[in-house]
Structures are given as structure tokens and as C-alpha cells.
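Below is the file run35.cif, which contains mmCIF, C-alpha atoms (C1' of nucleotides).
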data_entry
#
loop_
_atom_site.label_atom_id
_atom_site.label_comp_id
_atom_site.auth_asym_id
_atom_site.auth_seq_id
_atom_site.Cartn_x
_atom_site.Cartn_y
_atom_site.Cartn_z
CA MET A 36 -152.54 -63.92 75.91
CA PRO A 37 -150.13 -61.27 77.00
CA THR A 38 -148.06 -62.21 80.03
CA ILE A 39 -144.92 -60.12 79.79
CA THR A 40 -144.56 -57.25 82.25
CA ILE A 41 -143.17 -53.94 81.17
CA GLY A 42 -139.94 -54.63 83.01
CA LYS A 43 -139.42 -57.94 81.21
CA LEU A 44 -140.15 -56.32 77.88
CA ALA A 45 -137.66 -53.60 78.68
CA LYS A 46 -135.00 -56.15 79.46
CA ALA A 47 -135.79 -58.32 76.45
CA VAL A 48 -135.27 -55.47 74.01
CA ASP A 49 -132.86 -53.42 76.13
CA VAL A 50 -134.98 -50.31 76.23
CA LYS A 51 -135.81 -48.43 79.40
CA VAL A 52 -139.21 -48.81 81.03
CA PRO A 53 -140.18 -45.13 80.80
CA THR A 54 -139.29 -45.20 77.12
CA ILE A 55 -141.85 -47.93 76.56
CA ARG A 56 -144.53 -45.90 78.31
CA PHE A 57 -143.47 -42.93 76.24
CA TYR A 58 -143.82 -44.91 73.00
CA GLU A 59 -147.29 -45.96 74.06
CA GLN A 60 -148.19 -42.38 74.85
CA ILE A 61 -147.15 -41.11 71.42
CA GLY A 62 -148.83 -44.02 69.71
CA LEU A 63 -145.80 -45.93 68.46
CA LEU A 64 -146.83 -48.87 70.58
CA PRO A 65 -150.51 -49.78 70.94
CA VAL A 66 -152.14 -49.14 74.29
CA ALA A 67 -151.28 -52.21 76.32
CA PRO A 68 -153.96 -54.27 78.05
CA ARG A 69 -153.76 -54.18 81.84
CA THR A 70 -154.07 -56.61 84.72
CA GLU A 71 -156.77 -55.92 87.26
CA ASN A 72 -154.08 -54.04 89.15
CA ASP A 73 -153.38 -51.74 86.26
CA ARG A 74 -150.10 -53.23 85.17
CA ARG A 75 -149.38 -53.30 81.47
CA LEU A 76 -149.03 -56.68 79.79
CA TYR A 77 -147.23 -57.52 76.57
CA ASP A 78 -146.72 -60.48 74.28
CA GLU A 79 -144.20 -61.68 71.72
CA ALA A 80 -145.56 -59.35 69.09
CA SER A 81 -144.82 -56.44 71.38
CA VAL A 82 -141.24 -57.62 71.69
CA ARG A 83 -140.87 -57.70 67.92
CA ARG A 84 -142.49 -54.31 67.50
CA LEU A 85 -140.32 -52.67 70.12
CA ALA A 86 -137.20 -54.28 68.66
CA PHE A 87 -138.18 -52.87 65.27
CA ILE A 88 -138.50 -49.41 66.78
CA LYS A 89 -135.24 -49.68 68.62
CA HIS A 90 -133.37 -50.78 65.55
CA ALA A 91 -134.83 -47.98 63.47
CA ARG A 92 -133.91 -45.45 66.15
CA GLN A 93 -130.36 -46.75 66.22
CA LEU A 94 -130.24 -46.09 62.51
CA GLY A 95 -131.32 -42.54 63.22
CA PHE A 96 -134.81 -42.66 61.74
CA PRO A 97 -136.99 -39.98 63.31
CA ILE A 98 -140.10 -41.09 65.16
CA ASP A 99 -142.39 -39.95 62.37
CA ALA A 100 -140.54 -42.05 59.84
CA ILE A 101 -140.77 -45.02 62.17
CA ARG A 102 -144.49 -44.47 62.42
CA THR A 103 -144.74 -44.81 58.64
CA LEU A 104 -142.46 -47.83 58.62
CA LEU A 105 -144.49 -49.59 61.32
CA ASP A 106 -147.64 -48.79 59.46
CA LEU A 107 -146.28 -50.46 56.37
CA SER A 108 -145.17 -53.47 58.30
CA ASP A 109 -148.71 -53.68 59.71
CA HIS A 110 -150.18 -53.62 56.20
CA PRO A 111 -148.09 -55.96 54.06
CA GLU A 112 -150.35 -55.47 51.06
CA ARG A 113 -149.48 -51.82 50.61
CA PRO A 114 -146.72 -50.73 48.23
CA CYS A 115 -143.43 -50.17 49.99
CA GLU A 116 -142.27 -47.17 48.02
CA SER A 117 -142.28 -44.95 51.06
CA ALA A 118 -140.09 -47.35 53.01
CA ASN A 119 -137.51 -47.11 50.27
CA THR A 120 -137.80 -43.36 50.17
CA LEU A 121 -137.39 -43.05 53.90
CA ALA A 122 -134.33 -45.27 53.86
CA ARG A 123 -132.77 -43.26 51.04
CA GLU A 124 -133.51 -40.03 52.86
CA GLN A 125 -131.99 -41.33 56.04
CA LEU A 126 -128.94 -42.54 54.16
CA SER A 127 -128.41 -39.17 52.60
CA ALA A 128 -128.92 -37.41 55.94
CA VAL A 129 -126.24 -39.63 57.43
CA GLU A 130 -123.93 -39.02 54.51
CA THR A 131 -124.37 -35.27 54.78
CA LYS A 132 -123.67 -35.41 58.46
CA ILE A 133 -120.48 -37.38 57.89
CA VAL A 134 -119.22 -34.81 55.42
CA GLN A 135 -119.95 -32.01 57.85
CA LEU A 136 -118.31 -33.77 60.75
CA LYS A 137 -115.21 -34.47 58.70
CA ALA A 138 -114.85 -30.77 58.02
CA LEU A 139 -115.23 -30.04 61.71
CA ARG A 140 -112.74 -32.74 62.52
CA SER A 141 -110.04 -31.23 60.37
CA GLU A 142 -110.49 -27.81 61.89
CA LEU A 143 -110.47 -29.26 65.38
CA ARG A 144 -107.36 -31.26 64.53
CA ARG A 145 -105.57 -28.13 63.45
CA MET A 146 -106.62 -26.45 66.68
CA VAL A 147 -105.49 -29.33 68.83
CA ALA A 148 -102.26 -29.81 66.92
CA SER A 149 -101.18 -26.25 67.51
CA GLY A 150 -101.78 -26.90 71.20
CA CYS A 151 -100.28 -24.26 73.43
CA ASP A 152 -99.38 -24.53 77.08
CA GLY A 153 -99.06 -20.92 78.07
CA SER A 154 -101.68 -18.44 79.11
CA ALA A 155 -105.01 -17.83 77.45
CA GLY A 156 -103.68 -14.60 75.98
CA ASP A 157 -101.78 -16.43 73.28
CA CYS A 158 -103.73 -19.66 73.18
CA ARG A 159 -104.08 -20.97 69.65
CA VAL A 160 -107.38 -22.63 70.38
CA ILE A 161 -108.99 -19.40 71.51
CA GLU A 162 -107.30 -17.54 68.70
CA ALA A 163 -108.71 -19.98 66.19
CA LEU A 164 -112.20 -19.49 67.58
CA ALA A 165 -111.91 -15.73 67.64
CA GLY A 166 -110.28 -15.39 64.23
CA PRO A 167 -112.07 -14.99 60.92
CA GLU A 168 -113.96 -18.08 59.95
CA LEU A 169 -111.99 -20.21 57.58
CA LEU A 170 -114.65 -22.84 57.71
CA GLY A 171 -116.37 -23.80 54.47
CA ASP A 172 -120.13 -23.73 54.34
CA VAL A 173 -120.41 -26.51 56.81
CA SER A 174 -123.69 -26.70 58.67
CA ALA A 175 -125.08 -23.47 57.35
CA ARG A 176 -128.35 -24.40 59.01
CA GLY A 177 -126.90 -23.18 62.23
CA GLY A 178 -125.02 -25.92 63.86
CA GLU A 179 -124.84 -29.31 65.27
CA SER A 180 -128.19 -29.74 66.79
CA ASN A 181 -129.73 -32.56 64.80
CA LEU A 182 -129.03 -35.23 62.30
CA MET B 204 -120.35 3.94 72.78
CA PRO B 205 -122.54 1.19 71.50
CA THR B 206 -124.55 2.08 68.41
CA ILE B 207 -125.35 -1.21 66.75
CA THR B 208 -128.94 -2.44 66.94
CA ILE B 209 -129.71 -6.08 67.55
CA GLY B 210 -130.81 -6.47 63.94
CA LYS B 211 -127.51 -5.14 62.60
CA LEU B 212 -125.56 -7.35 64.95
CA ALA B 213 -127.60 -10.32 63.78
CA LYS B 214 -126.84 -9.52 60.17
CA ALA B 215 -123.17 -8.83 60.80
CA VAL B 216 -122.58 -12.23 62.35
CA ASP B 217 -125.37 -14.09 60.56
CA VAL B 218 -127.17 -15.19 63.68
CA LYS B 219 -130.88 -14.76 64.27
CA VAL B 220 -132.18 -11.97 66.48
CA PRO B 221 -133.96 -14.25 68.98
CA THR B 222 -130.76 -16.25 69.32
CA ILE B 223 -128.92 -13.14 70.47
CA ARG B 224 -131.57 -12.45 73.07
CA PHE B 225 -131.35 -16.06 74.11
CA TYR B 226 -127.57 -15.83 74.53
CA GLU B 227 -128.02 -12.76 76.66
CA GLN B 228 -130.59 -14.54 78.77
CA ILE B 229 -128.33 -17.49 79.49
CA GLY B 230 -125.38 -15.22 80.15
CA LEU B 231 -123.22 -15.97 77.13
CA LEU B 232 -123.51 -12.37 76.06
CA PRO B 233 -123.44 -9.61 78.66
CA VAL B 234 -126.69 -7.76 79.32
CA ALA B 235 -126.77 -5.11 76.63
CA PRO B 236 -127.23 -1.45 77.48
CA ARG B 237 -130.50 0.03 76.22
CA THR B 238 -131.67 3.20 74.56
CA GLU B 239 -134.28 5.23 76.40
CA ASN B 240 -136.81 3.23 74.39
CA ASP B 241 -135.52 -0.06 75.64
CA ARG B 242 -133.72 -1.20 72.53
CA ARG B 243 -130.50 -3.11 73.00
CA LEU B 244 -127.30 -1.54 71.73
CA TYR B 245 -124.06 -3.27 70.79
CA ASP B 246 -120.54 -2.37 69.78
CA GLU B 247 -117.65 -3.94 67.87
CA ALA B 248 -116.68 -6.06 70.87
CA SER B 249 -120.15 -7.59 70.81
CA VAL B 250 -119.67 -8.48 67.17
CA ARG B 251 -116.41 -10.25 67.96
CA ARG B 252 -117.89 -12.07 70.94
CA LEU B 253 -120.91 -13.27 69.02
CA ALA B 254 -118.72 -14.39 66.12
CA PHE B 255 -116.62 -16.35 68.59
CA ILE B 256 -119.72 -18.04 69.94
CA LYS B 257 -121.06 -18.80 66.49
CA HIS B 258 -117.82 -20.30 65.35
CA ALA B 259 -117.56 -22.46 68.46
CA ARG B 260 -121.16 -23.63 67.97
CA GLN B 261 -120.42 -24.55 64.37
CA LEU B 262 -117.63 -26.70 65.69
CA GLY B 263 -120.14 -28.38 67.95
CA PHE B 264 -118.90 -27.10 71.29
CA PRO B 265 -121.71 -27.22 73.84
CA ILE B 266 -122.79 -23.95 75.41
CA ASP B 267 -121.10 -24.77 78.70
CA ALA B 268 -117.79 -25.32 76.98
CA ILE B 269 -118.21 -22.03 75.17
CA ARG B 270 -118.82 -20.35 78.49
CA THR B 271 -115.43 -21.59 79.68
CA LEU B 272 -113.77 -20.62 76.43
CA LEU B 273 -115.20 -17.10 76.56
CA ASP B 274 -114.13 -16.80 80.15
CA LEU B 275 -110.57 -17.65 79.19
CA SER B 276 -110.61 -15.22 76.34
CA ASP B 277 -111.79 -12.58 78.81
CA HIS B 278 -108.89 -13.36 81.15
CA PRO B 279 -105.77 -13.69 78.99
CA GLU B 280 -103.52 -14.12 82.02
CA ARG B 281 -105.04 -17.44 83.01
CA PRO B 282 -103.51 -20.71 81.89
CA CYS B 283 -105.20 -22.12 78.82
CA GLU B 284 -105.07 -25.79 79.74
CA SER B 285 -108.83 -26.09 79.82
CA ALA B 286 -109.16 -24.65 76.32
CA ASN B 287 -106.88 -27.39 75.06
CA THR B 288 -108.77 -30.01 76.99
CA LEU B 289 -112.12 -28.84 75.66
CA ALA B 290 -110.81 -28.86 72.10
CA ARG B 291 -109.43 -32.38 72.52
CA GLU B 292 -112.69 -33.56 74.02
CA GLN B 293 -114.67 -32.03 71.20
CA LEU B 294 -112.35 -33.59 68.65
CA SER B 295 -112.81 -37.00 70.14
CA ALA B 296 -116.57 -36.55 70.36
CA VAL B 297 -116.60 -35.71 66.65
CA GLU B 298 -114.38 -38.67 65.84
CA THR B 299 -116.60 -41.03 67.77
CA LYS B 300 -119.63 -39.71 66.00
CA ILE B 301 -118.01 -40.19 62.61
CA VAL B 302 -117.24 -43.81 63.40
CA GLN B 303 -120.81 -44.40 64.52
CA LEU B 304 -122.30 -42.72 61.49
CA LYS B 305 -120.12 -44.75 59.16
CA ALA B 306 -121.48 -47.94 60.66
CA LEU B 307 -125.01 -46.64 60.23
CA ARG B 308 -124.20 -45.64 56.68
CA SER B 309 -123.12 -49.10 55.70
CA GLU B 310 -126.22 -50.70 57.11
CA LEU B 311 -128.41 -48.12 55.40
CA ARG B 312 -126.53 -48.67 52.15
CA ARG B 313 -127.23 -52.37 52.32
CA MET B 314 -130.89 -51.62 52.96
CA VAL B 315 -131.14 -49.16 50.12
CA ALA B 316 -129.16 -51.36 47.74
CA SER B 317 -131.55 -54.25 48.20
CA GLY B 318 -134.34 -51.85 47.35
CA CYS B 319 -137.58 -53.56 46.50
CA ASP B 320 -140.52 -52.25 44.51
CA GLY B 321 -143.23 -54.62 45.52
CA SER B 322 -145.52 -54.57 48.49
CA ALA B 323 -144.56 -54.01 52.10
CA GLY B 324 -144.96 -57.70 52.82
CA ASP B 325 -141.67 -58.56 51.22
CA CYS B 326 -139.93 -55.24 51.50
CA ARG B 327 -136.25 -55.64 52.28
CA VAL B 328 -136.08 -52.38 54.15
CA ILE B 329 -138.79 -53.38 56.58
CA GLU B 330 -137.37 -56.87 56.81
CA ALA B 331 -133.98 -55.44 57.70
CA LEU B 332 -135.52 -53.36 60.44
CA ALA B 333 -137.57 -56.22 61.82
CA GLY B 334 -134.85 -58.84 61.61
CA PRO B 335 -132.30 -59.66 64.28
CA GLU B 336 -129.88 -56.83 64.81
CA LEU B 337 -126.73 -57.39 62.87
CA LEU B 338 -125.47 -54.05 63.93
CA GLY B 339 -122.26 -53.93 65.90
CA ASP B 340 -122.25 -52.08 69.18
CA VAL B 341 -122.81 -48.81 67.46
CA SER B 342 -124.29 -46.09 69.57
CA ALA B 343 -125.08 -48.26 72.51
CA ARG B 344 -126.10 -45.11 74.31
CA GLY B 345 -129.35 -45.30 72.49
CA GLY B 346 -129.13 -43.55 69.20
CA GLU B 347 -128.64 -40.55 67.16
CA SER B 348 -129.90 -37.83 69.35
CA ASN B 349 -126.80 -35.81 70.07
CA LEU B 350 -123.27 -35.18 69.08
"C1'" DG C 218 -144.27 -58.39 108.75
"C1'" DT C 219 -140.77 -55.99 106.80
"C1'" DG C 220 -137.87 -54.84 103.36
"C1'" DC C 221 -137.16 -54.17 98.62
"C1'" DC C 222 -138.41 -54.34 93.91
"C1'" DT C 223 -141.53 -53.21 90.34
"C1'" DC C 224 -145.28 -50.87 88.95
"C1'" DC C 225 -148.47 -46.68 88.46
"C1'" DT C 226 -149.28 -41.41 87.17
"C1'" DC C 227 -147.84 -36.89 86.61
"C1'" DT C 228 -144.72 -33.06 86.13
"C1'" DA C 229 -140.67 -31.06 84.83
"C1'" DG C 230 -136.06 -31.04 82.89
"C1'" DT C 231 -132.60 -31.73 79.02
"C1'" DA C 232 -130.04 -28.82 74.48
"C1'" DA C 233 -130.26 -25.02 71.89
"C1'" DC C 234 -132.85 -22.71 70.02
"C1'" DT C 235 -137.42 -21.31 67.14
"C1'" DA C 236 -142.08 -19.61 66.52
"C1'" DG C 237 -145.80 -16.90 67.66
"C1'" DA C 238 -148.81 -13.59 70.24
"C1'" DG C 239 -149.58 -9.00 71.27
"C1'" DG C 240 -147.93 -4.55 71.35
"C1'" DA C 241 -144.66 -0.31 70.89
"C1'" DT C 242 -141.59 2.37 68.03
"C1'" DC C 243 -138.98 3.84 64.02
"C1'" DA C 244 -137.83 5.34 59.21
"C1'" DA C 245 -139.34 6.36 54.67
"C1'" DG C 246 -142.39 8.00 51.35
"C1'" DC C 247 -146.31 10.92 49.98
"C1'" DG D 180 -148.79 14.86 59.16
"C1'" DC D 181 -149.94 10.25 58.10
"C1'" DT D 182 -149.56 5.71 56.69
"C1'" DT D 183 -147.00 1.55 55.86
"C1'" DG D 184 -143.83 -1.76 56.80
"C1'" DA D 185 -139.79 -3.03 59.20
"C1'" DT D 186 -137.84 -3.58 63.57
"C1'" DC D 187 -137.99 -3.77 68.28
"C1'" DC D 188 -139.89 -5.37 72.98
"C1'" DT D 189 -141.59 -9.34 76.41
"C1'" DC D 190 -143.45 -13.63 77.33
"C1'" DT D 191 -144.99 -18.26 76.49
"C1'" DA D 192 -144.86 -22.47 74.33
"C1'" DG D 193 -143.10 -25.79 70.94
"C1'" DT D 194 -139.36 -28.70 68.99
"C1'" DT D 195 -136.87 -34.02 69.65
"C1'" DA D 196 -136.71 -38.07 72.10
"C1'" DC D 197 -136.46 -39.10 75.87
"C1'" DT D 198 -134.94 -39.01 81.25
"C1'" DA D 199 -135.45 -37.99 86.13
"C1'" DG D 200 -137.97 -37.51 90.09
"C1'" DA D 201 -142.00 -37.16 93.28
"C1'" DG D 202 -145.33 -39.65 95.64
"C1'" DG D 203 -147.75 -43.73 96.23
"C1'" DA D 204 -149.65 -48.78 95.57
"C1'" DG D 205 -148.90 -53.61 94.95
"C1'" DG D 206 -146.17 -57.97 95.06
"C1'" DC D 207 -142.55 -61.41 96.48
"C1'" DA D 208 -139.12 -63.52 99.56
"C1'" DC D 209 -137.59 -64.53 104.05
#
Reformat the file's structure so that it appears as C-alpha cells.
Amino acid sequence: MPTITIGKLAKAVDVKVPTIRFYEQIGLLPVAPRTENDRRLYDEASVRRLAFIKHARQLGFPIDAIRTLLDLSDHPERPCESANTLAREQLSAVETKIVQLKALRSELRRMVASGCDGSAGDCRVIEALAGPELLGDVSARGGESNL
Amino acid sequence: MPTITIGKLAKAVDVKVPTIRFYEQIGLLPVAPRTENDRRLYDEASVRRLAFIKHARQLGFPIDAIRTLLDLSDHPERPCESANTLAREQLSAVETKIVQLKALRSELRRMVASGCDGSAGDCRVIEALAGPELLGDVSARGGESNL
DNA sequence: GTGCCTCCTCTAGTAACTAGAGGATCAAGC
DNA sequence: GCTTGATCCTCTAGTTACTAGAGGAGGCAC
């Protein structure tokens, strides 16, 4: 018997209300039963499910991976190979990102260290951006946009 | 006298053609002059400007910051304080991100290390995701989405 | 009864592109 | 002169994972 309102669920898991509706809409959360006044109602299982999602998101798993993970957790009899694979993939994505960011960090440190206080004409920061790229093959995919 | 086609510019800087049009549209690149057949034409200055943008993007500067940076580089007589500030901000954003990702990495490593090969019911990966969050206050802003 | 809070739906906006439709033009080879 | 394929044009919509806001109904406390 579900008795938890969407606001309470949001508070319990520390997720925003619209996010919960969004998760329902994309099918990460099941369609919630409603009161006669059309308010969504949740139970303890919903709290656990949402907490699972939140935790996975914090670890950077994309929604599609979380879908698979939830599916597995809903069917305990299935082999969990794919969960392991997803975790390994996510780990290596994170590791790659760290390497890339460290390269960026050192270039930015050089830029900041040679900090100038004059006019833009002889600013080292701008010079460094304009100059030939000394950067290794960091983020050859075209930038910073995603994990 | 501009003579470089958009395709050549794209190749010269290693940026995709639609990206160049996009940069023009949002005002990062000036509106290019056209041939009588409506093709955009560029010159060496365009190559330098686009390279500047690309390099700044690789370093993770957001478009708005790049706008400021380009503006400064267009007006060498202005003080370059803001360039320094932007670089410092970007550096600290990158440093923060590295710290966050390292925390994620260690949790993912623990998950992967305890890798199971049975069924989802007793999968450590899923258990780790479902269990109480042991995670420190990493990425309290809600995840991985941006730099 | 009167605020104020929570809830509802729906649309649009965010960042920084990327992909695709549908069509015109160009350069090279035969 | 013609065909073929590459390149160009514009415009719209899709990507990710939400977030913000409009506009309105219902519920609770005093």
C-alpha cells in the first residue's frame, strides 16, 4: 500500500521532484499509482529503487546502463555478467577522463603560473591559447563535453 | 582577400564543418563573406581564430569564457585581468573534477574488484549500488553531467 | 476563508554540438 | 558535354539528463 507522496520520496532520497517525474517518463521508475486526485503514491520499494538510481548516477553510469542494472536487480536469477561489464566500462571511462583532465590541468597550471598583469596584448594566457598546440592527444574526440 | 573554403578551414584546424557554421551562428566567428554562389570564404586570420577557439575548448573553457577571451585578444590594449581570472577558474574547475573522479574511481574499483560471476541475485556490483551510500560528499551537485 | 504549500501537465531551455533532409554547385574524368 | 562524387547551402531535430517556468487544482493550518 503506497502512501508516500512524491515530495516525501524526493526528500527521502534527496532527488528533486521533477527528476522523479522525469524518471517515470523515461521508464526508469514504474508508472506510479495515483490517488483519486491524481497524485502519485510511492512505497518503500520506490525509495530503494530511486536510491539505487541516484547512487548509480553519482558514479556516472549513463541512464541506459542504469536501465540494464535495474533490470538485473529485478531478475536475480539472471547471470550478472553485464553488471560486471558495465562497471568495468564505467571504471575505464572514469580513468580515461582523469588522465585527460590531468593533462589539461598541467597546461592550465602553466598558463596561470605565467600570470601577467598588463594589457591583453602581451597576456600569456591569451598567447598560450593562440599559440601552436603543445597539447598531447588529449580528448581527440573534440573536447570536454561528456564523460 | 579570403580564399579558403569552409571545408579547407575545417581540415586546417581539424574541426568539423557544421561546427564552424555553428560558431558563426552563435557569434564566436564573424559572419563570413560569401562568393556570388553563397559559399563562405575565410582567410588566415580565420584559421588562427578557429584554432584559438579549438584550443580553448580542448582546455574545457565554456563558450562564454571563450567569447571573453577572444574579445580580449581582439583588443590588445585592454587589461587582461579577466583572462587570468578565467584561467584560474577553469583550473580550479578541472581540479575539483579530478578530485571527484578519483573518489568515483575508488568506489568503482572496489565494485569491480569484488567482481562476481554468479547470478544477479548475489552480484556485488548491484549490491553496492543498492546498499547504503558509503560515498563521501562527492559531486553533491547531482552527478557527472558537466565539467 | 485566506494564504501558502504541494501537486498536476505541458513546453521550452540548458551546453555544445551532431545528424539528416533536401537541394544546388563544383571539379574531374571520359 | 556529361556524369559522378565531393562539397556546399539552409533548416530542423536529436543528443544527455535534467531544470525552469507557466498556468491551474487541491489540501492544510489558522
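Matched in the shown structure by the PyMOL selection byres ((chain B and resi 298-314) around 6): Leu94 and Leu126 of chain A; Ser295, Ala296, Val297, Val315, Ala316, Ser317, Val328 and Val341 of chain B.
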Within 9 Å of chain D, which residues of chain B show up when using only C-alpha atoms (C1' of nucleotides), listed as a PDB file with C-alpha atoms, keeping the file's coordinate frame?
ATOM      1  CA  ILE B 209    -129.710  -6.080  67.550  1.00  0.00           C
ATOM      2  CA  GLY B 210    -130.810  -6.470  63.940  1.00  0.00           C
ATOM      3  CA  ASP B 241    -135.520  -0.060  75.640  1.00  0.00           C
ATOM      4  CA  ARG B 242    -133.720  -1.200  72.530  1.00  0.00           C
ATOM      5  CA  ARG B 243    -130.500  -3.110  73.000  1.00  0.00           C
ATOM      6  CA  SER B 348    -129.900 -37.830  69.350  1.00  0.00           C
TER       7      SER B 348
END
(request) Check which residues satisfy the PyMOL selection byres ((chain C) within 10 of (chain A)) in the file shown, then give them as a PyMOL selection string. (result) chain C and resi 223-225+232-234
Taking only C-alpha atoms into account, report as a ChimeraX atom specification which residues of chain B lie within 6 Å of chain A. /B:255,261-263,275,279-283,294,307,311,321-324,332-333,346-347
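Coordinates place atom CA of B:Ala215 at a distance of 24.1 Å from atom CA of B:Thr271.
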